[in-house]
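> Can you keep this structure in mind? I'll have questions shortly.
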Amino acid sequence: MPFLSLNRVCSHLFSLSYPLCALMVSRRFSWRCRAERVSAGYSQLEVRKVSYRPPGTEQNLLNQTSLSLQEKSFGLIFGRSGSGKTTLLQLLAGLSEPTSGSICIQKYDDSGNPIGLSEVLAPQRVGIVFQFPERYFLSDTILEEVTFGWPRQKADIPLREQLTLKLQNAINSVGLSAISLDKDPQSLSGGFKRRLALAIQLVQTPDLLLLDEPLAGLDWKARADVVNLLKDLKKDHTILVVSHDLRELYPLVDRSWRMEMGGVLKEEPLPV
Ligand SMILES: Nc1ncnc2c1ncn2[C@@H]1O[C@H](COP(=O)(O)OP(=O)(O)OP(=O)(O)O)[C@@H](O)[C@H]1O
């Protein structure tokens with residue numbers, strides 16, 4: 001199969017002509033820019049006194065955990081193995097329910113005053129990349145992997161337009177646009193597999209991106225590559241990472257917390 005450009009892919013995927021795809025994408029970009037210019041204030045992820053005890057067990061894995069993370073900033077949770085870091089990410093992603101406490105998004109005006117009530121963080125607004133995400137790739141091509149579960153021929157024009165834009169944004173933002181989308185995901189290098197794992201989440205346009213040990217198992221070159229990518233993604237996304245690789249991620253970090261054994265979270269500068 002020849003190299004598939006993004007425009008070609010869009011038309012192939014949704015049965016549209018290339019000029020129509022290009023028009024849809026450029027129109028959407030101009031709407032987006034206009035919408036961004038008028039926005040004011042900011043929103044913040046707020047975890048409020050969350051405790052978690054798995055059903056049928058006697059012990060809390062998380063105890064009165066609280067944190068807040070402003071949009072478009074980078075938070076890092078570190079701490080000993082088994083302290084509860086991944087458990088917290090799972091709660092944020094909606095994979096388990098807190099036993100008590102709340103996880104929400106609060107909006108603020110430019111002076112830092114809360115606007116209205118906080119909203120519960122819906123699972124569909126969160127993207128999570130697990131440790132070693134490449135182990136969960138299912139498809140034969142990058143395109144199928146990123147668009148897994150999408151409607152094919154039957155989608156109406158507005159939906160096709162929306163999906164085309166999402167695909168283009170996700171592929172561009174992780175730097176995969178120079179790679180043929182018909183490539184087998186398993187043939188990619190370690191660093192590019194991580195890029196693909198991020199694109200799979202970004203295509204859903206999440207408000208919050210959660211990453212569990214994003215540098216684990218990569219060689220030094222791929223690690224540097226992923227750190228640079230995260231630095232770029234931070235400009236447009238709110239990112240919360242669990243990692244032991246403190247030195248490499250240090251330059252990106254806006255806020256950090258230590259998870260102590262027993263699931264107690266404390267805000268603390270990185271010990272590097
Ligand atoms: N469903 C469950 N039921 C009971 N115990 C659990 C459950 N899930 C996790 N645990 C335990 O909770 C503790 C915290 O696990 P978690 O994976 O969150 O730790 P972690 O800090 O992410 O560790 P690591 O850095 O090794 O990934 C561990 O002791 C784990 O065995």
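The way I read the labels, and the way they are meant: chains A, B, ... in the order of the structure tokens, residue 1 as the first residue of every chain, and ligand 1 as the first ligand shown, with later ones counted on from there.
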Skipping near chain neighbours, those fewer than 3 positions away, what residues fall within 9 Å of stretch 119-126 of chain A using only C-alpha atoms, listed as a list in words?

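Counting only C-alpha atoms, the residues come to Leu45, Leu92, Ala93, Gly94, Leu95, Ser102, Ile103, Cys104, Ile105, Gln106, Lys107, Gln201, Gln204, Thr205, Pro206, Asp207, Leu208, Leu209 and Leu210 of chain A.
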
> Quick one: everything within 7 Å of stretch 47-57 of chain A, counting only C-alpha atoms, minus sequence neighbours fewer than 2 positions away in the same chain. Send it as a count of residues only.

18

> Nearest to ligand 1: which of A:Leu159, A:Ala197, A:Ala222, A:Leu211 is it, counting only C-alpha atoms and all ligand atoms?

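Among A:Leu159, A:Ala197, A:Ala222, A:Leu211, it is A:Leu211 that comes nearest to ligand 1.
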
> Using only C-alpha atoms and all ligand atoms, which protein or nucleic acid residues are at most 6 Å from ligand 1, as a PDB file with N, CA and C atoms, in the first residue's frame?


```pdb
ATOM      1  N   PRO A  54     -11.125  -0.926  48.045  1.00  0.00           N
ATOM      2  CA  PRO A  54     -11.751  -1.819  47.059  1.00  0.00           C
ATOM      3  C   PRO A  54     -12.867  -2.625  47.709  1.00  0.00           C
ATOM      4  N   LEU A  61      -6.855   1.997  50.264  1.00  0.00           N
ATOM      5  CA  LEU A  61      -5.633   2.151  49.449  1.00  0.00           C
ATOM      6  C   LEU A  61      -5.290   3.631  49.300  1.00  0.00           C
ATOM      7  N   ARG A  80       6.913   5.517  46.684  1.00  0.00           N
ATOM      8  CA  ARG A  80       7.369   4.115  46.638  1.00  0.00           C
ATOM      9  C   ARG A  80       6.358   3.216  45.933  1.00  0.00           C
ATOM     10  N   SER A  81       6.874   2.112  45.408  1.00  0.00           N
ATOM     11  CA  SER A  81       6.015   1.111  44.779  1.00  0.00           C
ATOM     12  C   SER A  81       4.976   0.614  45.781  1.00  0.00           C
ATOM     13  N   GLY A  82       3.761   0.521  45.313  1.00  0.00           N
ATOM     14  CA  GLY A  82       2.698  -0.011  46.177  1.00  0.00           C
ATOM     15  C   GLY A  82       2.056   1.032  47.071  1.00  0.00           C
ATOM     16  N   SER A  83       2.410   2.320  46.870  1.00  0.00           N
ATOM     17  CA  SER A  83       1.856   3.351  47.763  1.00  0.00           C
ATOM     18  C   SER A  83       0.456   3.790  47.338  1.00  0.00           C
ATOM     19  N   GLY A  84       0.071   3.542  46.077  1.00  0.00           N
ATOM     20  CA  GLY A  84      -1.295   3.876  45.651  1.00  0.00           C
ATOM     21  C   GLY A  84      -1.378   4.857  44.490  1.00  0.00           C
ATOM     22  N   LYS A  85      -0.270   5.094  43.805  1.00  0.00           N
ATOM     23  CA  LYS A  85      -0.244   6.093  42.717  1.00  0.00           C
ATOM     24  C   LYS A  85      -1.145   5.673  41.549  1.00  0.00           C
ATOM     25  N   THR A  86      -0.971   4.424  41.113  1.00  0.00           N
ATOM     26  CA  THR A  86      -1.792   3.947  39.987  1.00  0.00           C
ATOM     27  C   THR A  86      -3.260   3.883  40.383  1.00  0.00           C
ATOM     28  N   THR A  87      -3.512   3.539  41.620  1.00  0.00           N
ATOM     29  CA  THR A  87      -4.901   3.490  42.110  1.00  0.00           C
ATOM     30  C   THR A  87      -5.552   4.862  41.954  1.00  0.00           C
TER      31      THR A  87
END
```

> Report the residues of stretch 101-217 of chain A whose backbone DSSP state falls under strand (DSSP E or B), written as a PyMOL selection string.

chain A and resi 101-108+114-120+126-129+208-212
